[in-house]
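Novice: Sharing a structure, written as structure tokens. Questions coming.
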Amino acid sequence: MALTLLSNGTRDKELRYKPYGDTRYITSGQKTNYRFTGQRWDQGHGLYWYNSRWFDPLIGRFMQADSIVPQPGNPQALNRYLKGRQPCRCYTCVTIATTIGLRRVSS
């Protein structure tokens, strides 16, 4: 959420965001192109400019791959379209282990 207040403390402008920066609510009269996390918003394309790559808030991914793989041994770092490390939303570890037939072995 981003608020612009008047000198007496009342709300003038308001922006609310969904988790990856898609606009949830906006009041009319916004005078800035800098929005979610302080990045420049390109209204014509619906993307954020992160100083080197375009980010799509609807899918939560960058439009271009990152040119650097920071930790080649980390599987999360191999997806160069992600914005930081993101948890898998598809399955839990228990679901995966059950699906492939793994069982917990007591020590």
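In the structure tokens, the first chain shown is A, the next is B, and so on; residue numbers restart at 1 for each chain, and ligands run from 1 in the order shown.
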Find the residues near A:Arg53: any atom within 8 Å, counting only C-alpha atoms, skip ones fewer than 2 places away on the same chain, and give them as a PyMOL selection string.
Specialist: chain A and resi 49-51+55+62-64+66
Novice: Between A:Ser52, A:Asn74, A:Thr10, A:Thr4, which has the minimum distance to A:Gln30 (counting only C-alpha atoms)?
Specialist: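 For A:Gln30, the nearest of the candidates is A:Thr4.
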Novice: So what do you get for atom CA of A:Thr32 versus atom CA of A:Pro19, distance-wise?
Specialist: 20.3 Å
Novice: For A:Ala65, which residue out of A:His45, A:Arg80, A:Arg40, A:Lys13 is the nearest one, using only C-alpha atoms?
Specialist: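 Distance minimum relative to A:Ala65 lands on A:Arg80.
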Novice: Applying 12 Å and only C-alpha atoms, which residues near A:Asp12 remain after dropping the ones on its own chain fewer than 4 positions away? List them as a ChimeraX atom specification.
Specialist: /A:2-8,26-31
Novice: What does the structure give for the distance between atom CA of A:Pro57 and atom CA of A:Asp22, in Å to one decimal?
Specialist: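 Interatomic distance here is 4.9 Å.
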Novice: DSSP on the backbone, strand (DSSP E or B) only: what residues of stretch 17-50 of chain A does that give? Format it as a list in words.
Specialist: Tyr17, Thr23, Arg24, Tyr25, Ile26, Tyr34, Arg40, Trp41, Asp42, Leu47, Tyr48 and Trp49 of chain A
Novice: May I have the residues from that selection written out with N, CA and C atoms, as a PDB file, in the first residue's frame?
Specialist:
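Everything below was put into selection-v3.pdb:
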ATOM      1  N   TYR A  17      -1.621  -2.898  -3.723  1.00  0.00           N
ATOM      2  CA  TYR A  17      -1.032  -3.869  -4.649  1.00  0.00           C
ATOM      3  C   TYR A  17      -1.369  -5.296  -4.272  1.00  0.00           C
ATOM      4  N   THR A  23      -1.762  -3.875  -9.662  1.00  0.00           N
ATOM      5  CA  THR A  23      -2.548  -2.882  -8.925  1.00  0.00           C
ATOM      6  C   THR A  23      -3.871  -3.475  -8.483  1.00  0.00           C
ATOM      7  N   ARG A  24      -4.129  -3.383  -7.185  1.00  0.00           N
ATOM      8  CA  ARG A  24      -5.396  -3.848  -6.618  1.00  0.00           C
ATOM      9  C   ARG A  24      -6.408  -2.707  -6.569  1.00  0.00           C
ATOM     10  N   TYR A  25      -5.932  -1.511  -6.186  1.00  0.00           N
ATOM     11  CA  TYR A  25      -6.804  -0.349  -6.051  1.00  0.00           C
ATOM     12  C   TYR A  25      -5.966   0.904  -6.271  1.00  0.00           C
ATOM     13  N   ILE A  26      -6.519   1.858  -7.003  1.00  0.00           N
ATOM     14  CA  ILE A  26      -5.804   3.110  -7.252  1.00  0.00           C
ATOM     15  C   ILE A  26      -6.825   4.244  -7.298  1.00  0.00           C
ATOM     16  N   TYR A  34       6.433   5.854 -10.632  1.00  0.00           N
ATOM     17  CA  TYR A  34       7.180   4.954  -9.762  1.00  0.00           C
ATOM     18  C   TYR A  34       6.208   4.347  -8.773  1.00  0.00           C
ATOM     19  N   ARG A  40       9.791   1.871 -11.927  1.00  0.00           N
ATOM     20  CA  ARG A  40       9.027   2.642 -12.907  1.00  0.00           C
ATOM     21  C   ARG A  40       7.976   1.765 -13.573  1.00  0.00           C
ATOM     22  N   TRP A  41       6.747   2.254 -13.607  1.00  0.00           N
ATOM     23  CA  TRP A  41       5.611   1.541 -14.181  1.00  0.00           C
ATOM     24  C   TRP A  41       5.381   2.041 -15.601  1.00  0.00           C
ATOM     25  N   ASP A  42       5.308   1.131 -16.567  1.00  0.00           N
ATOM     26  CA  ASP A  42       5.000   1.475 -17.952  1.00  0.00           C
ATOM     27  C   ASP A  42       3.551   1.060 -18.192  1.00  0.00           C
ATOM     28  N   LEU A  47       3.971  -3.237 -17.440  1.00  0.00           N
ATOM     29  CA  LEU A  47       5.179  -3.857 -16.894  1.00  0.00           C
ATOM     30  C   LEU A  47       5.943  -2.859 -16.024  1.00  0.00           C
ATOM     31  N   TYR A  48       6.761  -3.409 -15.125  1.00  0.00           N
ATOM     32  CA  TYR A  48       7.678  -2.599 -14.316  1.00  0.00           C
ATOM     33  C   TYR A  48       9.081  -2.696 -14.889  1.00  0.00           C
ATOM     34  N   TRP A  49       9.804  -1.585 -14.892  1.00  0.00           N
ATOM     35  CA  TRP A  49      11.193  -1.563 -15.341  1.00  0.00           C
ATOM     36  C   TRP A  49      12.096  -1.640 -14.118  1.00  0.00           C
TER      37      TRP A  49
END
Novice: So which one's closest to A:Tyr81, A:Gly60, A:Gly21, A:Gly38, A:Gly46? Using only C-alpha atoms, please.
Specialist: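 Smallest distance to A:Tyr81 is found for A:Gly60.
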